[in-house]
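As stored in data37.txt (compact mmCIF, C-alpha atoms and all ligand atoms):
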# COMPACT_ATOMS: atom_id res chain seq x y z
CA MET A 1 0.00 0.00 0.00
CA ASN A 2 1.33 3.41 -0.88
CA SER A 3 1.67 5.59 2.22
CA TYR A 4 1.00 8.86 0.38
CA PHE A 5 -2.34 7.64 -0.99
CA CYS A 6 -3.34 6.08 2.35
CA GLU A 7 -2.75 9.44 4.00
CA LEU A 8 -4.58 11.31 1.21
CA GLY A 9 -7.52 8.91 1.47
CA ARG A 10 -7.73 9.27 5.26
CA ARG A 11 -7.55 13.05 5.04
CA VAL A 12 -10.35 13.21 2.47
CA TYR A 13 -12.41 10.72 4.51
CA GLU A 14 -12.11 12.72 7.75
CA ARG A 15 -13.03 16.00 6.10
CA TRP A 16 -15.95 14.49 4.22
CA GLU A 17 -17.26 12.81 7.37
CA LYS A 18 -17.38 16.25 9.02
CA GLU A 19 -19.66 17.30 6.12
CA ASN A 20 -21.89 14.25 6.78
CA PHE A 21 -20.72 12.75 3.48
CA SER A 22 -22.62 15.40 1.54
CA LEU A 23 -22.37 14.62 -2.17
CA GLU A 24 -22.23 18.31 -2.97
CA ALA A 25 -19.21 18.83 -0.73
CA PHE A 26 -17.12 15.95 -2.11
CA PRO A 27 -15.67 17.46 -5.33
CA GLY A 28 -14.45 20.51 -3.38
CA ILE A 29 -12.90 18.41 -0.58
CA ALA A 30 -11.17 16.10 -3.10
CA THR A 31 -9.85 19.00 -5.21
CA ARG A 32 -8.52 20.89 -2.17
CA ALA A 33 -6.77 17.81 -0.79
CA LEU A 34 -5.05 17.17 -4.15
CA LYS A 35 -3.98 20.82 -4.41
CA GLU A 36 -2.61 21.02 -0.84
CA LYS A 37 -0.24 18.11 -1.30
CA PRO A 38 -0.15 17.24 -5.00
CA PRO A 39 0.72 13.65 -6.01
CA SER A 40 2.84 15.06 -8.86
CA LYS A 41 5.25 16.42 -6.20
CA HIS A 42 4.95 13.80 -3.47
CA VAL A 43 4.70 10.39 -5.16
CA GLU A 44 7.68 8.49 -6.51
CA LEU A 45 5.95 6.73 -9.41
CA LYS A 46 8.67 4.15 -10.06
CA ALA A 47 8.68 3.08 -6.41
CA LEU A 48 4.88 2.88 -6.40
CA MET A 49 4.87 0.64 -9.48
CA ARG A 50 7.53 -1.62 -8.02
CA ASP A 51 5.61 -1.91 -4.76
CA PHE A 52 2.40 -2.72 -6.63
CA LEU A 53 4.16 -5.50 -8.54
CA LEU A 54 5.93 -7.04 -5.54
CA GLU A 55 3.67 -6.47 -2.51
CA ASP A 56 0.39 -8.40 -2.22
CA GLU A 57 -1.16 -6.11 0.34
CA GLN A 58 -3.05 -3.78 -2.02
CA PRO A 59 -6.51 -2.22 -2.03
CA PHE A 60 -9.36 -3.99 -3.82
CA GLN A 61 -8.74 -4.07 -7.62
CA THR A 62 -11.29 -4.06 -10.43
CA THR A 63 -11.11 -5.83 -13.80
CA TYR A 64 -12.48 -2.84 -15.77
CA GLY A 65 -10.90 -1.89 -19.08
CA PHE A 66 -10.71 1.86 -18.33
CA GLY A 67 -7.10 3.10 -18.16
CA GLN A 68 -3.99 1.40 -19.51
CA PRO A 69 -4.17 0.11 -16.78
CA GLU A 70 -6.16 1.31 -13.78
CA LEU A 71 -4.60 0.74 -10.33
CA ILE A 72 -6.64 1.35 -7.21
CA VAL A 73 -4.41 2.88 -4.55
CA TYR A 74 -6.97 3.52 -1.79
CA ASP A 75 -10.45 2.19 -1.20
CA SER A 76 -13.18 2.66 1.35
CA PRO A 77 -16.93 1.99 1.23
CA LYS A 78 -17.49 5.72 0.59
CA PHE A 79 -14.96 6.47 -2.17
CA TYR A 80 -11.71 5.30 -3.73
CA ILE A 81 -8.57 6.64 -5.38
CA GLN A 82 -7.45 5.29 -8.73
CA LEU A 83 -4.32 5.81 -10.79
CA LEU A 84 -4.97 5.76 -14.53
CA PHE A 85 -2.10 5.19 -16.96
CA TRP A 86 -2.60 6.33 -20.57
CA LEU A 87 -0.31 5.07 -23.33
CA ASP A 88 -2.18 6.23 -26.40
CA GLY A 89 -5.48 6.95 -24.74
CA THR A 90 -8.03 9.50 -25.73
CA THR A 91 -11.24 9.41 -23.74
CA ASP A 92 -14.58 9.58 -25.50
CA ILE A 93 -16.65 12.65 -24.76
CA HIS A 94 -18.48 11.56 -21.62
CA GLN A 95 -20.26 12.52 -18.42
CA HIS A 96 -19.96 10.82 -15.05
CA GLY A 97 -22.19 8.85 -12.74
CA PHE A 98 -19.67 9.62 -9.96
CA SER A 99 -18.00 12.73 -8.57
CA GLY A 100 -14.70 13.85 -7.04
CA ALA A 101 -11.57 15.29 -8.65
CA PHE A 102 -8.73 14.34 -10.97
CA HIS A 103 -5.09 15.37 -10.94
CA VAL A 104 -2.49 15.29 -13.73
CA MET A 105 0.38 13.38 -12.11
CA GLU A 106 2.55 12.74 -15.20
CA GLY A 107 2.36 14.22 -18.71
CA SER A 108 -0.13 16.83 -19.85
CA SER A 109 -3.50 16.75 -21.57
CA ILE A 110 -5.88 18.81 -23.65
CA HIS A 111 -9.09 19.01 -21.64
CA SER A 112 -12.31 19.91 -23.46
CA GLU A 113 -15.65 20.71 -21.86
CA PHE A 114 -18.96 20.52 -23.71
CA GLU A 115 -22.66 21.20 -23.29
CA PHE A 116 -25.55 19.22 -24.74
CA ARG A 117 -28.51 21.46 -25.52
CA ASN A 118 -32.12 20.53 -26.39
CA PRO A 119 -31.82 16.85 -25.40
CA ARG A 120 -34.64 14.75 -26.86
CA PRO A 121 -34.85 11.13 -25.72
CA VAL A 122 -35.35 8.57 -28.47
CA THR A 123 -35.15 5.75 -25.89
CA ALA A 124 -33.99 5.80 -22.26
CA HIS A 125 -30.48 5.06 -23.53
CA PHE A 126 -30.28 7.20 -26.67
CA ARG A 127 -30.78 10.95 -27.05
CA LEU A 128 -30.56 13.51 -29.82
CA GLY A 129 -29.46 17.09 -29.14
CA GLU A 130 -26.82 19.70 -29.91
CA LEU A 131 -23.33 19.13 -28.51
CA SER A 132 -21.03 22.15 -28.52
CA LEU A 133 -17.60 22.94 -27.12
CA LYS A 134 -17.62 25.28 -24.09
CA LYS A 135 -13.92 25.36 -23.33
CA ALA A 136 -10.64 23.72 -24.36
CA GLU A 137 -7.54 24.10 -22.21
CA LEU A 138 -4.12 22.61 -21.72
CA LEU A 139 -3.75 20.87 -18.36
CA GLU A 140 -0.11 20.77 -17.31
CA ARG A 141 1.39 18.33 -14.82
CA GLY A 142 0.26 19.12 -11.26
CA VAL A 143 -3.20 20.53 -12.08
CA SER A 144 -6.29 19.33 -10.14
CA VAL A 145 -9.83 19.60 -11.55
CA PRO A 146 -13.19 18.84 -9.85
CA ILE A 147 -15.51 16.19 -11.36
CA LEU A 148 -19.26 16.67 -11.03
CA SER A 149 -21.73 13.90 -11.77
CA GLY A 150 -24.55 14.27 -14.30
CA GLY A 151 -25.00 16.21 -17.53
CA GLY A 152 -23.49 19.46 -16.17
CA CYS A 153 -19.94 18.15 -16.61
CA ILE A 154 -19.35 16.68 -20.08
CA HIS A 155 -15.71 16.40 -21.05
CA SER A 156 -12.92 14.59 -22.86
CA LEU A 157 -9.17 14.30 -22.38
CA PHE A 158 -6.47 13.92 -24.99
CA HIS A 159 -3.19 12.85 -23.39
CA LEU A 160 -0.10 14.38 -24.97
CA GLU A 161 2.80 12.49 -23.37
CA THR A 162 3.36 8.74 -23.08
CA PRO A 163 2.63 7.64 -20.48
CA SER A 164 0.27 10.17 -18.98
CA VAL A 165 -0.85 9.35 -15.46
CA THR A 166 -4.01 10.70 -13.83
CA VAL A 167 -5.04 10.37 -10.17
CA VAL A 168 -8.80 10.25 -9.61
CA VAL A 169 -10.39 10.64 -6.18
CA ARG A 170 -13.97 9.52 -6.75
CA THR A 171 -17.19 8.20 -5.28
CA HIS A 172 -18.25 4.71 -6.35
CA SER A 173 -21.42 6.07 -7.94
CA ASP A 174 -23.87 8.91 -7.39
CA PRO A 175 -27.43 7.49 -7.46
CA GLY A 176 -29.81 9.27 -9.80
CA THR A 177 -27.16 10.84 -12.03
CA GLY A 178 -26.99 8.06 -14.65
CA PRO A 179 -26.87 6.97 -17.38
CA GLN A 180 -23.21 7.85 -17.83
CA PHE A 181 -23.78 9.09 -21.39
CA THR A 182 -21.10 9.02 -24.08
CA TYR A 183 -21.49 11.74 -26.72
CA LEU A 184 -21.02 11.42 -30.45
CA PRO A 185 -20.75 14.95 -31.78
CA PRO A 186 -22.60 16.86 -32.95
CA HIS A 187 -25.98 15.26 -32.11
CA VAL A 188 -26.02 11.89 -30.32
CA ALA A 189 -25.79 10.83 -26.66
CA LEU A 190 -25.86 7.13 -25.83
CA ASP A 191 -25.55 4.96 -22.76
CA PRO A 192 -22.42 2.85 -23.27
CA VAL A 193 -23.28 0.49 -20.43
CA LYS A 194 -26.59 -0.58 -21.96
CA GLU A 195 -25.44 -3.58 -23.95
CA ASP A 196 -28.06 -4.61 -26.50
CA ALA A 197 -26.85 -8.18 -26.98
CA LEU A 198 -29.07 -8.87 -30.01
CA THR A 199 -27.69 -5.79 -31.82
CA LEU A 200 -24.13 -6.71 -30.82
CA ARG A 201 -24.51 -10.19 -32.30
CA ARG A 202 -26.21 -8.84 -35.44
CA LYS A 203 -23.30 -6.42 -35.99
CA GLN A 204 -20.82 -9.27 -35.56
CA LEU A 205 -22.80 -11.45 -37.98
CA LEU A 206 -22.88 -8.62 -40.52
CA ASP A 207 -19.09 -8.26 -40.16
CA ALA A 208 -18.74 -11.97 -40.92
CA ILE A 209 -21.04 -11.73 -43.97
CA GLU A 210 -19.15 -8.64 -45.18
CA ARG A 211 -15.85 -10.54 -45.02
CA THR A 212 -17.20 -13.35 -47.17
CA GLY A 213 -17.88 -10.80 -49.94
CA ASP A 214 -21.57 -11.80 -50.13
CA PRO A 215 -23.15 -9.82 -53.02
CA GLY A 216 -26.44 -9.63 -51.10
CA PHE A 217 -24.86 -7.61 -48.23
CA THR A 218 -26.27 -4.21 -49.21
CA ALA A 219 -29.78 -5.57 -49.83
CA LEU A 220 -29.72 -7.29 -46.44
CA VAL A 221 -28.62 -4.17 -44.57
CA THR A 222 -31.19 -2.06 -46.45
CA THR A 223 -33.99 -4.45 -45.43
CA MET A 224 -32.80 -4.40 -41.80
CA VAL A 225 -32.58 -0.61 -41.64
CA GLY A 226 -36.06 -0.37 -43.18
CA LYS A 227 -37.44 -2.58 -40.43
CA LEU A 228 -35.48 -1.61 -37.29
CA ASP A 229 -36.29 1.16 -34.79
CA PHE A 230 -34.22 4.37 -34.79
CA GLU A 231 -31.67 3.35 -32.13
CA ARG A 232 -30.94 -0.11 -33.48
CA GLY A 233 -30.95 1.21 -37.05
CA PHE A 234 -28.33 3.79 -36.05
CA PHE A 235 -26.01 1.11 -34.63
CA ILE A 236 -26.33 -0.98 -37.80
CA LEU A 237 -25.56 2.09 -39.95
CA GLN A 238 -22.56 2.96 -37.76
CA ASN A 239 -21.25 -0.58 -38.03
CA CYS A 240 -21.63 -0.97 -41.80
CA MET A 241 -20.94 2.59 -42.97
CA GLY A 242 -17.24 2.10 -43.79
CA HIS A 243 -17.85 -0.89 -46.05
CA LEU A 244 -21.00 0.57 -47.65
CA ARG A 245 -19.17 3.79 -48.51
CA ALA A 246 -16.18 1.92 -49.89
CA THR A 247 -18.45 -0.11 -52.17
CA GLY A 248 -20.55 2.87 -53.28
CA SER A 249 -23.77 1.49 -51.80
CA TRP A 250 -24.13 3.83 -48.82
CA HIS A 251 -26.76 6.10 -50.39
CA ARG A 252 -29.21 3.28 -51.01
CA VAL A 253 -29.11 2.25 -47.33
CA TRP A 254 -29.15 5.83 -46.11
CA ARG A 255 -32.24 6.71 -48.22
CA THR A 256 -34.12 3.86 -46.54
CA PHE A 257 -33.18 5.05 -43.02
CA SER A 258 -33.95 8.65 -43.90
CA LYS A 259 -37.36 7.81 -45.41
CA LYS A 260 -38.33 5.75 -42.37
CA HIS A 261 -37.31 8.28 -39.72
CA GLY A 262 -37.87 11.62 -41.45
CA LYS A 263 -36.57 14.74 -39.69
CA ALA A 264 -34.84 12.87 -36.83
CA ALA A 265 -32.60 11.16 -39.41
CA GLU A 266 -31.10 14.56 -40.40
CA LYS A 267 -29.10 14.56 -37.14
CA ILE A 268 -27.51 11.24 -38.00
CA THR A 269 -25.53 12.09 -41.16
CA PRO A 270 -23.23 14.70 -39.55
CA THR A 271 -22.79 12.41 -36.54
CA LEU A 272 -21.75 9.42 -38.65
CA THR A 273 -19.39 11.58 -40.74
CA GLU A 274 -17.81 12.94 -37.57
CA ILE A 275 -17.38 9.41 -36.16
CA ILE A 276 -15.29 8.49 -39.22
CA ARG A 277 -13.21 11.67 -38.93
CA ARG A 278 -12.59 11.26 -35.20
CA ASP A 279 -11.80 7.56 -35.43
CA GLY A 280 -9.20 8.38 -38.11
CA LEU A 281 -7.52 11.04 -35.95
CA VAL A 282 -7.66 8.96 -32.77
CA ALA A 283 -6.02 6.05 -34.62
CA MET A 284 -3.18 8.42 -35.63
CA ARG A 285 -2.69 9.26 -31.95
CA ALA A 286 -1.14 5.81 -31.48
CA SER A 287 1.51 6.30 -34.20
CA ILE A 288 2.29 10.00 -33.68
CA GLU A 289 4.68 10.29 -30.73
CA GLU A 290 5.96 13.86 -31.07
CA VAL A 291 4.21 15.89 -28.35
CA GLU A 292 3.83 18.98 -30.58
CA HIS A 293 2.09 16.88 -33.24
CA ARG A 294 -0.18 15.27 -30.66
CA PHE A 295 -1.08 18.69 -29.37
CA PHE A 296 -2.11 19.73 -32.89
CA LEU A 297 -4.04 16.48 -33.40
CA ALA A 298 -5.95 17.12 -30.17
CA LEU A 299 -6.88 20.61 -31.35
CA LEU A 300 -8.15 19.30 -34.69
CA LEU A 301 -10.11 16.64 -32.86
CA THR A 302 -11.88 18.94 -30.44
CA VAL A 303 -11.75 22.62 -31.34
CA PRO A 304 -14.04 23.46 -34.27
CA ASP A 305 -12.81 27.03 -34.64
CA ARG A 306 -9.81 28.46 -36.55
CA SER A 307 -9.16 31.44 -34.31
CA ARG A 308 -9.29 29.39 -31.09
CA ILE A 309 -6.90 26.81 -32.54
CA LEU A 310 -4.44 29.52 -33.58
CA ALA A 311 -4.70 31.20 -30.16
CA MET A 312 -3.96 27.93 -28.31
CA ILE A 313 -0.93 27.25 -30.53
CA GLY A 314 0.28 30.82 -30.00
CA GLU A 315 0.04 30.44 -26.21
CA ARG A 316 2.20 27.32 -26.18
CA TYR A 317 4.73 27.80 -28.98
CA PRO A 318 6.78 30.85 -29.99
CA GLY A 319 6.43 32.32 -33.50
CA LYS A 320 3.43 32.73 -35.77
CA PRO A 321 0.90 29.92 -35.32
CA LEU A 322 0.37 29.48 -39.09
CA THR A 323 4.12 29.09 -39.64
CA THR A 324 4.20 26.53 -36.82
CA ILE A 325 1.33 24.60 -38.44
CA SER A 326 3.09 24.58 -41.83
CA ARG A 327 6.22 23.22 -40.16
CA TRP A 328 4.24 20.46 -38.41
CA ALA A 329 2.54 19.60 -41.73
CA GLY A 330 6.00 19.17 -43.29
CA GLU A 331 7.09 16.91 -40.43
CA MET A 332 3.95 14.78 -40.66
CA ALA A 333 3.56 14.49 -44.46
CA ILE A 334 4.22 10.94 -45.63
CA THR A 335 4.07 8.89 -48.80
CA THR A 336 2.97 5.29 -48.28
CA GLU A 337 1.72 2.52 -50.55
CA GLY A 338 -1.73 4.02 -50.02
CA GLY A 339 -0.72 7.47 -51.31
CA THR A 340 0.63 10.75 -49.95
CA TRP A 341 -1.00 12.03 -46.78
CA ILE A 342 -0.90 14.99 -44.43
CA LEU A 343 -2.83 13.65 -41.46
CA ASP A 344 -6.23 12.57 -42.85
CA ALA A 345 -5.93 14.50 -46.14
CA ARG A 346 -4.88 12.33 -49.08
CA PHE A 347 -3.19 13.66 -52.21
CA PRO A 348 -5.78 13.16 -55.00
CA GLU A 349 -5.22 10.62 -57.77
CA GLU A 350 -6.44 13.09 -60.42
CA PRO A 351 -4.83 15.06 -61.97
CA HIS A 352 -1.83 12.73 -62.04
CA VAL A 353 1.32 14.07 -60.32
CA ALA A 354 4.62 12.15 -60.02
CA GLU A 355 5.06 10.73 -56.53
CA GLU A 356 8.24 12.69 -55.71
CA GLU A 357 6.47 15.99 -56.48
CA GLN A 358 3.41 15.30 -54.35
CA ILE A 359 4.69 16.33 -50.89
CA PRO A 360 6.16 19.73 -52.01
CA LEU A 361 2.95 20.53 -53.93
CA PHE A 362 0.74 19.40 -51.05
CA LEU A 363 2.67 21.48 -48.51
CA GLY A 364 2.77 24.51 -50.80
CA ALA A 365 -0.98 24.33 -51.38
CA LEU A 366 -1.69 23.86 -47.67
CA ASP A 367 0.50 26.80 -46.70
CA HIS A 368 -1.26 28.99 -49.27
CA LEU A 369 -4.75 27.86 -48.19
CA LEU A 370 -3.94 28.41 -44.51
CA LYS A 371 -2.77 31.96 -45.11
CA GLY A 372 -5.18 32.98 -47.90
CA GLY A 373 -4.46 35.58 -50.61
CA LYS A 374 -2.92 34.83 -53.99
CA PRO A 375 -1.02 31.58 -54.53
CA PRO A 376 2.75 31.94 -55.06
CA ALA A 377 3.76 32.04 -58.75
CA TRP A 378 5.25 28.52 -58.76
CA LEU A 379 2.01 27.05 -57.41
CA ALA A 380 -0.26 29.11 -59.67
CA LYS A 381 1.23 27.23 -62.62
CA PHE A 382 -0.76 24.16 -61.52
CA PRO A 383 -4.36 25.44 -61.23
CA GLY A 384 -5.95 21.98 -61.70
CA VAL A 385 -3.77 20.43 -59.00
CA LEU A 386 -4.39 23.33 -56.64
CA LYS A 387 -8.16 22.97 -57.05
CA ALA A 388 -7.98 19.20 -56.41
CA LEU A 389 -5.78 19.76 -53.33
CA LYS A 390 -8.18 22.33 -51.97
CA ASP A 391 -11.03 19.81 -52.33
CA ALA A 392 -8.96 17.11 -50.58
CA LEU A 393 -8.05 19.41 -47.68
CA THR A 394 -11.61 20.70 -47.36
CA GLU A 395 -12.88 17.13 -46.99
CA SER A 396 -10.35 16.43 -44.21
CA SER A 397 -9.77 17.69 -40.67
CA TRP A 398 -7.81 20.61 -42.18
CA ARG A 399 -11.08 22.22 -43.29
CA VAL A 400 -11.44 24.14 -40.02
CA LEU A 401 -8.19 25.99 -40.80
CA ILE A 402 -8.59 26.56 -44.54
CA ARG A 403 -9.35 30.08 -45.70
FE FE B 501 -14.01 11.89 -17.16
Would you write out, as structure tokens, the structure that this file holds?
Amino acid sequence: MNSYFCELGRRVYERWEKENFSLEAFPGIATRALKEKPPSKHVELKALMRDFLLEDEQPFQTTYGFGQPELIVYDSPKFYIQLLFWLDGTTDIHQHGFSGAFHVMEGSSIHSEFEFRNPRPVTAHFRLGELSLKKAELLERGVSVPILSGGGCIHSLFHLETPSVTVVVRTHSDPGTGPQFTYLPPHVALDPVKEDALTLRRKQLLDAIERTGDPGFTALVTTMVGKLDFERGFFILQNCMGHLRATGSWHRVWRTFSKKHGKAAEKITPTLTEIIRRDGLVAMRASIEEVEHRFFLALLLTVPDRSRILAMIGERYPGKPLTTISRWAGEMAITTEGGTWILDARFPEEPHVAEEEQIPLFLGALDHLLKGGKPPAWLAKFPGVLKALKDALTESSWRVLIR
């Protein structure tokens, strides 16, 4: 058992007891205790890990998949303290069914807070509404932040360093504040705990059919979507969208869903498109190790506003933000067997450009489109390519920055 966390746990317990274990008081007590004697200054992480591996006398452990991994370092019937390691982790946008506080013990993270306006329940586990970003900030090592349960605190974290380590002082659960919704921007909230086993198995069966190359796949999915309720239809669309788009049969399925559900279906297209974009960026998080690049990836993932992105880059890095972005683009541009890419923007196949000329043209076009104005003379000689590159960048996560 780690003596620092035992002492922290006891201190929080005593203070909370004096407040009669008031749920309202807990986030404040937990945040204050973390700030008074921060784990980032008082815990020797290597020694803690060694102790955890070699000493059997440890608090109760869970088998949950949250964290990479999660270690529980203090537990009591009223609350517990967990240490969460993050190797390439990005949390979904979520709310909590518990409360307390978290502390950045190692690394740093981009923390984004959201609000979900006009929620309309489709079922008890699925809502439509309008998710928008309230605030995005960089949390440096040593910072402590309160966690409130319920829909008033919707957030996500994007961890910049590997590993990042977070300490969470939290209640087990706060009755009445569930479900612990996960948000799919810009319009969907769903309960991730509610496992619809029939839908899960249907998705898995569809995956199997897809892999066999069955020519009746699209017709089957179209019939299902025409028959299923809104929530289950959404999950089938989400599951099959990648394959249906790749085979050019998405519109047929989508028309069926849209005809069946009318106006409510309008909220689904932007949500599904955003799922694809976010999944692509989150997957890159695992292969991009440079902290500056991860920082930029996190901004593209969460901040839907050019001026706010530029301001956050300007606060952290010297020089003009647009010049910094052009430099990062140059560092991240790659040519693979699957084409030339700058993040999720792919160099178009038409008009044809020799492979060795693609990266300089791509970077030149991006730099011009970031800054606006007239293209430089050397780039203006390729109007067809420039137009195609603008289309490619506008369809990617770069669109928020393009003039
Ligand atoms: Fe959280």
Judged by all atoms listed in the file, the minimum distance to ligand FE 501 (chain B) among A:Lys78, A:His251, A:Arg170, A:His243 is found for A:Arg170
Kindly work out which residues sit at most 9 Å from ligand FE 501 (chain B), using only C-alpha atoms and all ligand atoms, and give the list as an MDAnalysis selection string. chainID A and resid 91:96 102 147 153:157
Output the selection as an mmCIF file, in the frame of the given file - C-alpha atoms for each residue.
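Below is the file that was written, again35.cif:
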data_model
loop_
_atom_site.group_PDB
_atom_site.id
_atom_site.type_symbol
_atom_site.label_atom_id
_atom_site.label_comp_id
_atom_site.auth_asym_id
_atom_site.auth_seq_id
_atom_site.Cartn_x
_atom_site.Cartn_y
_atom_site.Cartn_z
ATOM 1 C CA THR A 91 -11.240 9.410 -23.740
ATOM 2 C CA ASP A 92 -14.580 9.580 -25.500
ATOM 3 C CA ILE A 93 -16.650 12.650 -24.760
ATOM 4 C CA HIS A 94 -18.480 11.560 -21.620
ATOM 5 C CA GLN A 95 -20.260 12.520 -18.420
ATOM 6 C CA HIS A 96 -19.960 10.820 -15.050
ATOM 7 C CA PHE A 102 -8.730 14.340 -10.970
ATOM 8 C CA ILE A 147 -15.510 16.190 -11.360
ATOM 9 C CA CYS A 153 -19.940 18.150 -16.610
ATOM 10 C CA ILE A 154 -19.350 16.680 -20.080
ATOM 11 C CA HIS A 155 -15.710 16.400 -21.050
ATOM 12 C CA SER A 156 -12.920 14.590 -22.860
ATOM 13 C CA LEU A 157 -9.170 14.300 -22.380
#
Name the closest residue to Phe362 in chain A among the candidates A:Ala377, A:Ile313, A:Val188, A:Ala388; distances are taken between atoms, counting all atoms listed in the file.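 Smallest distance to Phe362 in chain A is found for A:Ala388.
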Which centre and which edge lengths, in Å to one decimal, describe the axis-aligned box that holds all listed atoms of range 395-400 of chain A after 6 Å is added on each side, as JSON?
{"center_x": -10.3, "center_y": 20.3, "center_z": -43.5, "size_x": 17.1, "size_y": 19.7, "size_z": 19.0}
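Across A:Ala283, A:Leu53, A:Ala311, A:Val167, the tightest approach to His103 in chain A is made by A:Val167 when counting only C-alpha atoms.
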At a cut-off of 10 Å, using only C-alpha atoms, what residues contact Lys41 in chain A? Leave out same-chain residues fewer than 4 positions from it and give the result as a PyMOL selection string. chain A and resi 37+105+141-142
What would the file look like if the residues just selected were written as a JSON list (two decimals), in the frame of the given file with C-alpha atoms?
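part_25.json was written with the following content:
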[["chain", "number", "residue", "atom", "x", "y", "z"],
["A", 37, "LYS", "CA", -0.24, 18.11, -1.30],
["A", 105, "MET", "CA", 0.38, 13.38, -12.11],
["A", 141, "ARG", "CA", 1.39, 18.33, -14.82],
["A", 142, "GLY", "CA", 0.26, 19.12, -11.26]]
For a test of reading the model, state the distance in Å between CA of Leu133 in chain A and CA of Asn118 in chain A, rounded to one decimal. 14.7 Å
Which one is closest to Leu148 in chain A: A:Gly100, A:Gly338, A:Gly248, A:Gly216? Count all atoms listed in the file. A:Gly100
Length of the CA of Arg346 in chain A to CA of Ser397 in chain A vector [Å]: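 That distance, rounded to one decimal, is 11.1 Å.
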Select, from A:Gln180, A:Thr302, A:Thr31, A:Gln82, the residue with the minimum atom-to-atom distance to Lys134 in chain A, counting only C-alpha atoms.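 Looking at the shortest contact to Lys134 in chain A, the residue is A:Thr302.
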Students should find that CA of Met224 in chain A and CA of Glu395 in chain A are spaced 29.8 Å
For a cutoff of 12 Å around the file-coordinate point (1.8, 21.7, -32.6), which residues qualify once you count only C-alpha atoms? I'd like the result as a ChimeraX atom specification. /A:160,288-300,309-332
